[in-house]
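Below is the file protein-v9.pdb, which contains PDB, C-alpha atoms and all ligand atoms.
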MODEL        1
ATOM      1  CA  MET A1193       8.444  -1.201  39.315  1.00  0.00           C
ATOM      2  CA  GLU A1194       5.714   0.361  37.226  1.00  0.00           C
ATOM      3  CA  ARG A1195       5.903  -0.591  33.557  1.00  0.00           C
ATOM      4  CA  LYS A1196       5.412   2.216  31.063  1.00  0.00           C
ATOM      5  CA  TYR A1197       3.605  -0.015  28.521  1.00  0.00           C
ATOM      6  CA  PRO A1198       2.040  -2.817  30.602  1.00  0.00           C
ATOM      7  CA  HIS A1199      -0.009  -4.214  27.693  1.00  0.00           C
ATOM      8  CA  LEU A1200       2.742  -4.259  25.065  1.00  0.00           C
ATOM      9  CA  THR A1201       3.428  -7.985  25.274  1.00  0.00           C
ATOM     10  CA  SER A1202      -0.140  -9.172  25.857  1.00  0.00           C
ATOM     11  CA  PRO A1203      -2.341 -10.470  23.041  1.00  0.00           C
ATOM     12  CA  ILE A1204      -5.018  -8.276  21.495  1.00  0.00           C
ATOM     13  CA  THR A1205      -7.989  -9.217  19.322  1.00  0.00           C
ATOM     14  CA  VAL A1206      -9.028  -6.736  16.637  1.00  0.00           C
ATOM     15  CA  ALA A1207     -11.988  -7.545  14.385  1.00  0.00           C
ATOM     16  CA  GLY A1208     -11.674 -11.264  15.006  1.00  0.00           C
ATOM     17  CA  VAL A1209      -7.898 -11.464  14.523  1.00  0.00           C
ATOM     18  CA  THR A1210      -5.794 -12.188  17.607  1.00  0.00           C
ATOM     19  CA  PHE A1211      -2.286 -10.732  17.600  1.00  0.00           C
ATOM     20  CA  ARG A1212       0.154 -12.311  20.045  1.00  0.00           C
ATOM     21  CA  ASN A1213       1.414  -8.889  21.198  1.00  0.00           C
ATOM     22  CA  ARG A1214       1.107  -5.207  20.248  1.00  0.00           C
ATOM     23  CA  MET A1215       4.498  -4.803  18.541  1.00  0.00           C
ATOM     24  CA  PHE A1216       3.890  -4.513  14.800  1.00  0.00           C
ATOM     25  CA  SER A1217       6.718  -4.519  12.286  1.00  0.00           C
ATOM     26  CA  ALA A1218       6.397  -1.397  10.081  1.00  0.00           C
ATOM     27  CA  PRO A1219       6.298  -1.860   6.304  1.00  0.00           C
ATOM     28  CA  MET A1220       9.755  -1.825   4.777  1.00  0.00           C
ATOM     29  CA  GLY A1221      10.077  -2.388   1.053  1.00  0.00           C
ATOM     30  CA  GLY A1222      12.766  -4.636  -0.386  1.00  0.00           C
ATOM     31  CA  THR A1223      14.299  -4.122  -3.800  1.00  0.00           C
ATOM     32  CA  ASP A1224      14.365  -7.727  -5.052  1.00  0.00           C
ATOM     33  CA  ILE A1225      11.055  -7.358  -6.867  1.00  0.00           C
ATOM     34  CA  THR A1226      10.726  -9.545  -9.942  1.00  0.00           C
ATOM     35  CA  ASN A1227       9.800  -8.093 -13.347  1.00  0.00           C
ATOM     36  CA  ASP A1228       6.264  -9.450 -12.999  1.00  0.00           C
ATOM     37  CA  GLY A1229       5.827  -7.735  -9.615  1.00  0.00           C
ATOM     38  CA  CYS A1230       6.469 -10.623  -7.231  1.00  0.00           C
ATOM     39  CA  ILE A1231       8.008 -10.407  -3.778  1.00  0.00           C
ATOM     40  CA  GLY A1232      11.579 -11.646  -4.108  1.00  0.00           C
ATOM     41  CA  PRO A1233      13.042 -14.409  -1.898  1.00  0.00           C
ATOM     42  CA  LYS A1234      15.304 -12.026   0.045  1.00  0.00           C
ATOM     43  CA  SER A1235      12.334  -9.859   0.991  1.00  0.00           C
ATOM     44  CA  THR A1236      10.318 -12.903   2.023  1.00  0.00           C
ATOM     45  CA  ALA A1237      13.225 -13.998   4.239  1.00  0.00           C
ATOM     46  CA  PHE A1238      13.390 -10.479   5.723  1.00  0.00           C
ATOM     47  CA  TYR A1239       9.660 -10.504   6.592  1.00  0.00           C
ATOM     48  CA  GLU A1240       9.909 -14.042   7.951  1.00  0.00           C
ATOM     49  CA  LEU A1241      12.728 -12.986  10.259  1.00  0.00           C
ATOM     50  CA  ARG A1242      10.631 -10.132  11.694  1.00  0.00           C
ATOM     51  CA  SER A1243       8.002 -12.720  12.629  1.00  0.00           C
ATOM     52  CA  LYS A1244      10.592 -15.139  13.980  1.00  0.00           C
ATOM     53  CA  GLY A1245      11.895 -12.252  16.089  1.00  0.00           C
ATOM     54  CA  GLY A1246       8.500 -11.977  17.789  1.00  0.00           C
ATOM     55  CA  ALA A1247       6.529  -9.203  16.068  1.00  0.00           C
ATOM     56  CA  GLY A1248       2.747  -9.483  16.560  1.00  0.00           C
ATOM     57  CA  ALA A1249       2.158  -8.453  12.933  1.00  0.00           C
ATOM     58  CA  VAL A1250       4.499  -8.024   9.998  1.00  0.00           C
ATOM     59  CA  THR A1251       3.475  -5.688   7.198  1.00  0.00           C
ATOM     60  CA  VAL A1252       4.680  -6.454   3.710  1.00  0.00           C
ATOM     61  CA  SER A1253       5.233  -3.129   2.019  1.00  0.00           C
ATOM     62  CA  GLU A1254       3.649  -1.294  -0.887  1.00  0.00           C
ATOM     63  CA  CYS A1255       1.595  -3.590  -3.056  1.00  0.00           C
ATOM     64  CA  MET A1256       0.447  -1.386  -5.957  1.00  0.00           C
ATOM     65  CA  VAL A1257      -3.282  -1.665  -6.507  1.00  0.00           C
ATOM     66  CA  HIS A1258      -3.682  -0.491 -10.108  1.00  0.00           C
ATOM     67  CA  GLU A1259      -1.877  -0.636 -13.440  1.00  0.00           C
ATOM     68  CA  SER A1260      -2.002   3.173 -13.759  1.00  0.00           C
ATOM     69  CA  ASP A1261       0.868   3.092 -11.264  1.00  0.00           C
ATOM     70  CA  GLY A1262       3.658   1.668 -13.391  1.00  0.00           C
ATOM     71  CA  SER A1263       6.157   1.650 -10.515  1.00  0.00           C
ATOM     72  CA  HIS A1264       8.492  -1.297 -10.179  1.00  0.00           C
ATOM     73  CA  ALA A1265       6.667  -2.722  -7.167  1.00  0.00           C
ATOM     74  CA  TYR A1266       4.682  -5.670  -5.860  1.00  0.00           C
ATOM     75  CA  ARG A1267       1.402  -6.556  -7.524  1.00  0.00           C
ATOM     76  CA  LEU A1268      -1.457  -8.891  -6.763  1.00  0.00           C
ATOM     77  CA  ASN A1269      -2.766  -9.516 -10.222  1.00  0.00           C
ATOM     78  CA  PRO A1270      -4.945 -12.545 -11.011  1.00  0.00           C
ATOM     79  CA  ALA A1271      -3.501 -12.498 -14.542  1.00  0.00           C
ATOM     80  CA  ILE A1272      -0.069 -13.134 -13.032  1.00  0.00           C
ATOM     81  CA  LEU A1273      -0.501 -16.375 -11.126  1.00  0.00           C
ATOM     82  CA  ASN A1274       3.000 -16.106  -9.754  1.00  0.00           C
ATOM     83  CA  SER A1275       2.165 -12.842  -7.962  1.00  0.00           C
ATOM     84  CA  LEU A1276      -0.528 -14.670  -5.962  1.00  0.00           C
ATOM     85  CA  ALA A1277       1.769 -17.617  -5.317  1.00  0.00           C
ATOM     86  CA  CYS A1278       4.601 -15.405  -4.006  1.00  0.00           C
ATOM     87  CA  ALA A1279       2.235 -13.419  -1.785  1.00  0.00           C
ATOM     88  CA  THR A1280       0.750 -16.629  -0.377  1.00  0.00           C
ATOM     89  CA  TYR A1281       4.228 -18.014   0.274  1.00  0.00           C
ATOM     90  CA  THR A1282       5.274 -14.792   2.036  1.00  0.00           C
ATOM     91  CA  ALA A1283       2.105 -14.668   4.155  1.00  0.00           C
ATOM     92  CA  ASP A1284       2.732 -18.271   5.167  1.00  0.00           C
ATOM     93  CA  ALA A1285       6.393 -17.574   5.992  1.00  0.00           C
ATOM     94  CA  ILE A1286       5.242 -14.859   8.419  1.00  0.00           C
ATOM     95  CA  ARG A1287       2.419 -16.885   9.931  1.00  0.00           C
ATOM     96  CA  ARG A1288       4.418 -20.035  10.597  1.00  0.00           C
ATOM     97  CA  HIS A1289       6.353 -18.163  13.327  1.00  0.00           C
ATOM     98  CA  GLY A1290       3.217 -16.781  14.970  1.00  0.00           C
ATOM     99  CA  GLY A1291       3.151 -13.263  13.520  1.00  0.00           C
ATOM    100  CA  MET A1292       0.090 -12.054  11.617  1.00  0.00           C
ATOM    101  CA  PRO A1293       0.729 -11.285   7.944  1.00  0.00           C
ATOM    102  CA  SER A1294      -0.332  -7.789   6.915  1.00  0.00           C
ATOM    103  CA  LEU A1295      -0.180  -6.168   3.480  1.00  0.00           C
ATOM    104  CA  GLU A1296       0.225  -2.493   2.694  1.00  0.00           C
ATOM    105  CA  LEU A1297      -1.768  -1.244  -0.318  1.00  0.00           C
ATOM    106  CA  SER A1298      -0.596   1.772  -2.224  1.00  0.00           C
ATOM    107  CA  HIS A1299      -0.792   3.860  -5.365  1.00  0.00           C
ATOM    108  CA  SER A1300       1.987   6.332  -6.031  1.00  0.00           C
ATOM    109  CA  GLY A1301      -0.197   8.748  -8.032  1.00  0.00           C
ATOM    110  CA  MET A1302       1.815  11.523  -9.682  1.00  0.00           C
ATOM    111  CA  PHE A1303       5.061  10.192  -8.213  1.00  0.00           C
ATOM    112  CA  ALA A1304       4.776   6.727  -9.726  1.00  0.00           C
ATOM    113  CA  GLY A1305       8.089   5.343 -10.822  1.00  0.00           C
ATOM    114  CA  THR A1306      10.122   7.215  -8.206  1.00  0.00           C
ATOM    115  CA  TYR A1307      11.881   3.973  -7.319  1.00  0.00           C
ATOM    116  CA  MET A1308      12.381   2.758 -10.899  1.00  0.00           C
ATOM    117  CA  THR A1309      15.805   1.286 -11.369  1.00  0.00           C
ATOM    118  CA  ASP A1310      15.642   2.360 -15.022  1.00  0.00           C
ATOM    119  CA  LYS A1311      15.261   6.137 -14.740  1.00  0.00           C
ATOM    120  CA  THR A1312      14.853   6.596 -18.510  1.00  0.00           C
ATOM    121  CA  LYS A1313      11.706   4.454 -18.393  1.00  0.00           C
ATOM    122  CA  GLN A1314      10.353   6.741 -15.669  1.00  0.00           C
ATOM    123  CA  LYS A1315      10.176   9.638 -18.162  1.00  0.00           C
ATOM    124  CA  THR A1316       8.084   7.637 -20.644  1.00  0.00           C
ATOM    125  CA  MET A1317       5.545   6.457 -18.057  1.00  0.00           C
ATOM    126  CA  LYS A1318       2.096   7.981 -17.994  1.00  0.00           C
ATOM    127  CA  GLN A1319       1.540   9.627 -14.628  1.00  0.00           C
ATOM    128  CA  TRP A1320      -1.820  10.145 -12.951  1.00  0.00           C
ATOM    129  CA  GLY A1321      -2.425  12.523 -10.044  1.00  0.00           C
ATOM    130  CA  PRO A1322      -5.064  14.843  -8.617  1.00  0.00           C
ATOM    131  CA  MET A1323      -4.322  17.542 -11.241  1.00  0.00           C
ATOM    132  CA  ASP A1324      -2.817  18.188 -14.657  1.00  0.00           C
ATOM    133  CA  THR A1325       0.679  19.366 -13.800  1.00  0.00           C
ATOM    134  CA  VAL A1326       4.379  18.992 -14.527  1.00  0.00           C
ATOM    135  CA  ARG A1327       6.550  17.393 -11.865  1.00  0.00           C
ATOM    136  CA  PRO A1328       9.742  19.162 -10.729  1.00  0.00           C
ATOM    137  CA  ASP A1329      11.698  16.551 -12.751  1.00  0.00           C
ATOM    138  CA  GLY A1330       9.816  17.553 -15.935  1.00  0.00           C
ATOM    139  CA  VAL A1331       7.468  14.535 -16.046  1.00  0.00           C
ATOM    140  CA  GLU A1332       3.924  15.392 -17.154  1.00  0.00           C
ATOM    141  CA  VAL A1333       1.037  14.376 -14.901  1.00  0.00           C
ATOM    142  CA  GLN A1334      -2.568  13.910 -15.968  1.00  0.00           C
ATOM    143  CA  GLY A1335      -5.409  14.723 -13.553  1.00  0.00           C
ATOM    144  CA  MET A1336      -7.617  11.740 -12.734  1.00  0.00           C
ATOM    145  CA  THR A1337     -11.118  11.673 -14.152  1.00  0.00           C
ATOM    146  CA  LYS A1338     -14.028  10.598 -11.943  1.00  0.00           C
ATOM    147  CA  ASP A1339     -14.114   7.259 -13.842  1.00  0.00           C
ATOM    148  CA  MET A1340     -10.432   6.742 -13.123  1.00  0.00           C
ATOM    149  CA  ILE A1341     -10.946   7.525  -9.427  1.00  0.00           C
ATOM    150  CA  ASP A1342     -13.834   5.032  -9.268  1.00  0.00           C
ATOM    151  CA  GLU A1343     -11.677   2.370 -10.890  1.00  0.00           C
ATOM    152  CA  ILE A1344      -8.810   2.940  -8.483  1.00  0.00           C
ATOM    153  CA  VAL A1345     -11.130   2.918  -5.454  1.00  0.00           C
ATOM    154  CA  LYS A1346     -12.511  -0.421  -6.658  1.00  0.00           C
ATOM    155  CA  SER A1347      -9.017  -1.789  -7.239  1.00  0.00           C
ATOM    156  CA  TYR A1348      -8.120  -1.190  -3.554  1.00  0.00           C
ATOM    157  CA  GLY A1349     -11.048  -3.458  -2.637  1.00  0.00           C
ATOM    158  CA  ASP A1350     -10.208  -6.052  -5.301  1.00  0.00           C
ATOM    159  CA  VAL A1351      -6.588  -6.322  -4.178  1.00  0.00           C
ATOM    160  CA  ALA A1352      -7.593  -6.423  -0.492  1.00  0.00           C
ATOM    161  CA  ALA A1353      -9.884  -9.376  -1.262  1.00  0.00           C
ATOM    162  CA  MET A1354      -7.054 -11.147  -3.081  1.00  0.00           C
ATOM    163  CA  ALA A1355      -4.712 -10.472  -0.151  1.00  0.00           C
ATOM    164  CA  LYS A1356      -7.218 -12.084   2.172  1.00  0.00           C
ATOM    165  CA  ARG A1357      -7.344 -15.158  -0.059  1.00  0.00           C
ATOM    166  CA  ALA A1358      -3.538 -15.247  -0.064  1.00  0.00           C
ATOM    167  CA  GLY A1359      -3.575 -15.485   3.749  1.00  0.00           C
ATOM    168  CA  PHE A1360      -3.130 -11.888   4.884  1.00  0.00           C
ATOM    169  CA  GLU A1361      -5.074 -11.051   8.045  1.00  0.00           C
ATOM    170  CA  MET A1362      -4.576  -7.293   8.012  1.00  0.00           C
ATOM    171  CA  ILE A1363      -4.475  -4.529   5.401  1.00  0.00           C
ATOM    172  CA  MET A1364      -2.556  -1.304   5.851  1.00  0.00           C
ATOM    173  CA  ILE A1365      -3.586   1.502   3.512  1.00  0.00           C
ATOM    174  CA  HIS A1366      -0.695   3.799   2.699  1.00  0.00           C
ATOM    175  CA  GLY A1367      -1.907   7.343   3.314  1.00  0.00           C
ATOM    176  CA  GLY A1368       1.470   9.041   3.732  1.00  0.00           C
ATOM    177  CA  HIS A1369       4.837   9.742   2.157  1.00  0.00           C
ATOM    178  CA  GLY A1370       3.414  11.893  -0.660  1.00  0.00           C
ATOM    179  CA  TRP A1371       1.694   9.050  -2.511  1.00  0.00           C
ATOM    180  CA  LEU A1372      -1.797   9.195  -4.089  1.00  0.00           C
ATOM    181  CA  ILE A1373      -3.997   9.471  -0.970  1.00  0.00           C
ATOM    182  CA  ASN A1374      -1.580  12.003   0.493  1.00  0.00           C
ATOM    183  CA  GLN A1375      -1.668  13.977  -2.795  1.00  0.00           C
ATOM    184  CA  PHE A1376      -5.464  14.200  -2.608  1.00  0.00           C
ATOM    185  CA  LEU A1377      -5.344  15.261   1.065  1.00  0.00           C
ATOM    186  CA  SER A1378      -2.858  18.039   0.275  1.00  0.00           C
ATOM    187  CA  PRO A1379      -4.201  21.494  -0.709  1.00  0.00           C
ATOM    188  CA  LEU A1380      -0.879  22.031  -2.509  1.00  0.00           C
ATOM    189  CA  PHE A1381      -1.170  19.054  -4.884  1.00  0.00           C
ATOM    190  CA  ASN A1382      -4.964  18.914  -4.961  1.00  0.00           C
ATOM    191  CA  GLN A1383      -6.628  22.030  -6.361  1.00  0.00           C
ATOM    192  CA  ARG A1384      -9.533  20.192  -7.966  1.00  0.00           C
ATOM    193  CA  THR A1385     -12.825  22.001  -8.218  1.00  0.00           C
ATOM    194  CA  ASP A1386     -15.034  18.886  -8.046  1.00  0.00           C
ATOM    195  CA  GLU A1387     -16.146  16.880  -5.001  1.00  0.00           C
ATOM    196  CA  TYR A1388     -12.547  15.617  -4.462  1.00  0.00           C
ATOM    197  CA  GLY A1389     -10.962  19.061  -3.989  1.00  0.00           C
ATOM    198  CA  GLY A1390     -11.339  22.258  -1.960  1.00  0.00           C
ATOM    199  CA  SER A1391     -12.700  21.639   1.527  1.00  0.00           C
ATOM    200  CA  LEU A1392     -11.047  19.216   3.941  1.00  0.00           C
ATOM    201  CA  GLU A1393     -14.095  16.991   3.623  1.00  0.00           C
ATOM    202  CA  ASN A1394     -13.678  16.863  -0.168  1.00  0.00           C
ATOM    203  CA  ARG A1395      -9.930  16.224   0.017  1.00  0.00           C
ATOM    204  CA  CYS A1396     -10.620  13.308   2.413  1.00  0.00           C
ATOM    205  CA  ARG A1397     -13.220  11.811   0.056  1.00  0.00           C
ATOM    206  CA  LEU A1398     -10.820   9.551  -1.859  1.00  0.00           C
ATOM    207  CA  ALA A1399      -9.351   8.144   1.387  1.00  0.00           C
ATOM    208  CA  LYS A1400     -12.825   7.485   2.773  1.00  0.00           C
ATOM    209  CA  GLU A1401     -14.011   5.817  -0.428  1.00  0.00           C
ATOM    210  CA  ILE A1402     -10.931   3.586  -0.404  1.00  0.00           C
ATOM    211  CA  LEU A1403     -11.558   2.574   3.225  1.00  0.00           C
ATOM    212  CA  THR A1404     -15.170   1.729   2.382  1.00  0.00           C
ATOM    213  CA  SER A1405     -14.141  -0.235  -0.701  1.00  0.00           C
ATOM    214  CA  VAL A1406     -11.637  -2.303   1.292  1.00  0.00           C
ATOM    215  CA  ARG A1407     -14.054  -2.905   4.158  1.00  0.00           C
ATOM    216  CA  GLU A1408     -16.775  -4.068   1.765  1.00  0.00           C
ATOM    217  CA  ALA A1409     -14.305  -6.414   0.048  1.00  0.00           C
ATOM    218  CA  VAL A1410     -12.880  -8.081   3.144  1.00  0.00           C
ATOM    219  CA  GLY A1411     -15.992  -8.183   5.294  1.00  0.00           C
TER     220      GLY A1411
HETATM  221  C1  LIG A1501      14.360   0.611   4.309  1.00  0.00           C
HETATM  222  C2  LIG A1501      13.020   1.195   4.622  1.00  0.00           C
HETATM  223  C3  LIG A1501      11.970   0.962   3.749  1.00  0.00           C
HETATM  224  C4  LIG A1501      10.700   1.489   4.018  1.00  0.00           C
HETATM  225  N1  LIG A1501       9.670   1.206   3.175  1.00  0.00           N
HETATM  226  C5  LIG A1501       8.417   1.633   3.496  1.00  0.00           C
HETATM  227  C6  LIG A1501       7.317   1.257   2.702  1.00  0.00           C
HETATM  228  O1  LIG A1501       7.432   0.550   1.714  1.00  0.00           O
HETATM  229  N2  LIG A1501       6.095   1.690   3.083  1.00  0.00           N
HETATM  230  C7  LIG A1501       5.902   2.476   4.198  1.00  0.00           C
HETATM  231  O2  LIG A1501       4.763   2.837   4.507  1.00  0.00           O
HETATM  232  N3  LIG A1501       6.942   2.841   4.959  1.00  0.00           N
HETATM  233  C8  LIG A1501       8.179   2.443   4.641  1.00  0.00           C
HETATM  234  N4  LIG A1501       9.218   2.774   5.454  1.00  0.00           N
HETATM  235  C9  LIG A1501       8.958   3.580   6.656  1.00  0.00           C
HETATM  236  C10 LIG A1501       8.803   2.679   7.867  1.00  0.00           C
HETATM  237  O3  LIG A1501       7.671   1.814   7.719  1.00  0.00           O
HETATM  238  C11 LIG A1501       8.596   3.485   9.155  1.00  0.00           C
HETATM  239  O4  LIG A1501       7.423   4.237   9.065  1.00  0.00           O
HETATM  240  C12 LIG A1501       9.713   4.449   9.391  1.00  0.00           C
HETATM  241  O5  LIG A1501      10.929   3.756   9.315  1.00  0.00           O
HETATM  242  C13 LIG A1501       9.549   5.157  10.770  1.00  0.00           C
HETATM  243  O6  LIG A1501       9.486   4.230  11.803  1.00  0.00           O
HETATM  244  P1  LIG A1501      10.726   4.056  12.810  1.00  0.00           P
HETATM  245  O7  LIG A1501      10.829   5.363  13.529  1.00  0.00           O
HETATM  246  O8  LIG A1501      10.324   2.917  13.713  1.00  0.00           O
HETATM  247  O9  LIG A1501      11.923   3.712  11.956  1.00  0.00           O
HETATM  248  C14 LIG A1501      10.493   2.268   5.184  1.00  0.00           C
HETATM  249  C15 LIG A1501      11.574   2.493   6.056  1.00  0.00           C
HETATM  250  C16 LIG A1501      12.793   1.965   5.797  1.00  0.00           C
HETATM  251  C17 LIG A1501      13.908   2.221   6.776  1.00  0.00           C
ENDMDL
END

Please go through the file and, once you have read it, give me the structure as structure tokens.
Amino acid sequence: MERKYPHLTSPITVAGVTFRNRMFSAPMGGTDITNDGCIGPKSTAFYELRSKGGAGAVTVSECMVHESDGSHAYRLNPAILNSLACATYTADAIRRHGGMPSLELSHSGMFAGTYMTDKTKQKTMKQWGPMDTVRPDGVEVQGMTKDMIDEIVKSYGDVAAMAKRAGFEMIMIHGGHGWLINQFLSPLFNQRTDEYGGSLENRCRLAKEILTSVREAVG
């Protein structure tokens, strides 16, 4: 019988990392995030189980790269030693069953705080997006300056380098679901008149700069 996906269960090596098969567990965020942005024990157990179940790679979801995103989410912040310890522990929990630990990097941009458990806090947060605007829920958004963009691009690289040190072998960059990169790609949310807005090439610029920053940081 001809198999539809004959290579699905065979190993594959990508950029020096060998995955035991080609089935990768998609990022799924847990809600037991500690106040200092650490991955909670239930989430770690969830990711560990995906690896135990046989996934070739397991992606830990949505680590926020910069403090301008005040969402209640994971962080890798050298000032918070515990955040590095928890990430290292989670990467190890995945790896000990043979799956490759992967970390998703994100910035929520103008929709930061969407998942806040305390919705009143959400209204007092400063929001940063491609443009000055007011969100449908009445929250004011400030357009990012070039300096702010540069800082965020750098922070993707900085956090990727920390993830590597914590034992992650793969980085997933969140470009969807309406978050920051997606906001810049969108001609609806991004009507900037500088080199980050207008043409498709300009709207892709932030994504490309982030990819370059991460690649330079992880080698
Ligand atoms: C509970 C849950 C949490 C999720 N969290 C994230 C997330 O943090 N980041 C992300 O990129 N996708 C997230 N997703 C989307 C999944 O990674 C995946 O893209 C989506 O479920 C579609 O894949 P599927 O058709 O195999 O379910 C989540 C999905 C679920 C069900």

Find the residues near His1299 (chain A): any atom within 12 Å, counting all atoms listed in the file, skip ones fewer than 3 places away on the same chain, and give them as a ChimeraX atom specification. /A:1253-1267,1296,1302-1306,1319-1321,1341,1344-1345,1347-1348,1351,1365-1376,1399,1402

Output C-alpha atoms for every residue in that selection, as a PDB file, in the coordinates of the input.
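Written out: selection32.pdb:
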ATOM      1  CA  SER A1253       5.233  -3.129   2.019  1.00  0.00           C
ATOM      2  CA  GLU A1254       3.649  -1.294  -0.887  1.00  0.00           C
ATOM      3  CA  CYS A1255       1.595  -3.590  -3.056  1.00  0.00           C
ATOM      4  CA  MET A1256       0.447  -1.386  -5.957  1.00  0.00           C
ATOM      5  CA  VAL A1257      -3.282  -1.665  -6.507  1.00  0.00           C
ATOM      6  CA  HIS A1258      -3.682  -0.491 -10.108  1.00  0.00           C
ATOM      7  CA  GLU A1259      -1.877  -0.636 -13.440  1.00  0.00           C
ATOM      8  CA  SER A1260      -2.002   3.173 -13.759  1.00  0.00           C
ATOM      9  CA  ASP A1261       0.868   3.092 -11.264  1.00  0.00           C
ATOM     10  CA  GLY A1262       3.658   1.668 -13.391  1.00  0.00           C
ATOM     11  CA  SER A1263       6.157   1.650 -10.515  1.00  0.00           C
ATOM     12  CA  HIS A1264       8.492  -1.297 -10.179  1.00  0.00           C
ATOM     13  CA  ALA A1265       6.667  -2.722  -7.167  1.00  0.00           C
ATOM     14  CA  TYR A1266       4.682  -5.670  -5.860  1.00  0.00           C
ATOM     15  CA  ARG A1267       1.402  -6.556  -7.524  1.00  0.00           C
ATOM     16  CA  GLU A1296       0.225  -2.493   2.694  1.00  0.00           C
ATOM     17  CA  MET A1302       1.815  11.523  -9.682  1.00  0.00           C
ATOM     18  CA  PHE A1303       5.061  10.192  -8.213  1.00  0.00           C
ATOM     19  CA  ALA A1304       4.776   6.727  -9.726  1.00  0.00           C
ATOM     20  CA  GLY A1305       8.089   5.343 -10.822  1.00  0.00           C
ATOM     21  CA  THR A1306      10.122   7.215  -8.206  1.00  0.00           C
ATOM     22  CA  GLN A1319       1.540   9.627 -14.628  1.00  0.00           C
ATOM     23  CA  TRP A1320      -1.820  10.145 -12.951  1.00  0.00           C
ATOM     24  CA  GLY A1321      -2.425  12.523 -10.044  1.00  0.00           C
ATOM     25  CA  ILE A1341     -10.946   7.525  -9.427  1.00  0.00           C
ATOM     26  CA  ILE A1344      -8.810   2.940  -8.483  1.00  0.00           C
ATOM     27  CA  VAL A1345     -11.130   2.918  -5.454  1.00  0.00           C
ATOM     28  CA  SER A1347      -9.017  -1.789  -7.239  1.00  0.00           C
ATOM     29  CA  TYR A1348      -8.120  -1.190  -3.554  1.00  0.00           C
ATOM     30  CA  VAL A1351      -6.588  -6.322  -4.178  1.00  0.00           C
ATOM     31  CA  ILE A1365      -3.586   1.502   3.512  1.00  0.00           C
ATOM     32  CA  HIS A1366      -0.695   3.799   2.699  1.00  0.00           C
ATOM     33  CA  GLY A1367      -1.907   7.343   3.314  1.00  0.00           C
ATOM     34  CA  GLY A1368       1.470   9.041   3.732  1.00  0.00           C
ATOM     35  CA  HIS A1369       4.837   9.742   2.157  1.00  0.00           C
ATOM     36  CA  GLY A1370       3.414  11.893  -0.660  1.00  0.00           C
ATOM     37  CA  TRP A1371       1.694   9.050  -2.511  1.00  0.00           C
ATOM     38  CA  LEU A1372      -1.797   9.195  -4.089  1.00  0.00           C
ATOM     39  CA  ILE A1373      -3.997   9.471  -0.970  1.00  0.00           C
ATOM     40  CA  ASN A1374      -1.580  12.003   0.493  1.00  0.00           C
ATOM     41  CA  GLN A1375      -1.668  13.977  -2.795  1.00  0.00           C
ATOM     42  CA  PHE A1376      -5.464  14.200  -2.608  1.00  0.00           C
ATOM     43  CA  ALA A1399      -9.351   8.144   1.387  1.00  0.00           C
ATOM     44  CA  ILE A1402     -10.931   3.586  -0.404  1.00  0.00           C
TER      45      ILE A1402
END

Show me, as JSON, the centre and edge lengths in Å to one decimal of the axis-aligned box that covers every listed atom of ligand LIG 1501 (chain A) with 6 Å on each side.
{"center_x": 9.6, "center_y": 3.0, "center_z": 7.7, "size_x": 21.6, "size_y": 16.8, "size_z": 24.0}

Using the chain letters and residue numbers of this document, give as a PyMOL selection string the residues selected by the PyMOL selection byres (((chain A and resi 1249-1252) around 10) and not hetatm). chain A and resi 1210-1222+1231+1235-1236+1238-1243+1246-1248+1253-1255+1266+1279+1282-1283+1286-1287+1290-1297+1360-1364

A:Tyr1307, A:Leu1377, A:Arg1407, A:Gly1208 ranked by distance to Ile1225 (chain A), top pick (using only C-alpha atoms): A:Tyr1307

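Here atom C17 of ligand LIG 1501 (chain A) is placed at a distance of 22.4 Å from CA of Leu1200 (chain A).
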
In Å and to one decimal, CA of Thr1316 (chain A) is distant from CA of Glu1332 (chain A) by 9.5 Å

Please expand the PyMOL selection byres (((chain A and resi 1315) around 9) and not hetatm) into the concrete residues it hits in this file, giving the result as a ChimeraX atom specification. /A:1305,1311-1314,1316-1318,1329-1332

Output for the residues just chosen: C-alpha atoms as a short mmCIF file (atom, residue, chain, number, x, y, z; two decimals), in the frame of the given file:
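Dumped everything to result32.cif:
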data_model
loop_
_atom_site.label_atom_id
_atom_site.label_comp_id
_atom_site.auth_asym_id
_atom_site.auth_seq_id
_atom_site.Cartn_x
_atom_site.Cartn_y
_atom_site.Cartn_z
CA GLY A 1305 8.09 5.34 -10.82
CA LYS A 1311 15.26 6.14 -14.74
CA THR A 1312 14.85 6.60 -18.51
CA LYS A 1313 11.71 4.45 -18.39
CA GLN A 1314 10.35 6.74 -15.67
CA THR A 1316 8.08 7.64 -20.64
CA MET A 1317 5.54 6.46 -18.06
CA LYS A 1318 2.10 7.98 -17.99
CA ASP A 1329 11.70 16.55 -12.75
CA GLY A 1330 9.82 17.55 -15.94
CA VAL A 1331 7.47 14.54 -16.05
CA GLU A 1332 3.92 15.39 -17.15
#

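In this model, the gap between atom C11 of ligand LIG 1501 (chain A) and CA of Glu1408 (chain A) comes to 27.5 Å.
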
Shortest contact to Leu1380 (chain A), candidates A:Gly1245, A:Glu1343, A:Arg1357, A:Met1323, atoms counted all atoms listed in the file, goes to A:Met1323

Compare A:Val1406, A:Asp1339, A:Ser1275, A:Gly1389 by their minimum atom-to-atom distance to Asn1227 (chain A), counting only C-alpha atoms, and give me the closest one. A:Ser1275

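Minimum distance to Thr1385 (chain A) across A:Gly1335, A:Ala1355, A:Ile1272, A:Ala1285 (counting only C-alpha atoms) occurs at A:Gly1335.
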
Pick the closest to ligand LIG 1501 (chain A) from A:Val1209, A:Cys1278, A:Ser1298, A:Cys1230: which is it, counting all atoms listed in the file? A:Ser1298

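Nearest residue to ligand LIG 1501 (chain A), choosing from A:Glu1194, A:Thr1223, A:Thr1205, A:Asn1269 and counting only C-alpha atoms and all ligand atoms: A:Thr1223.
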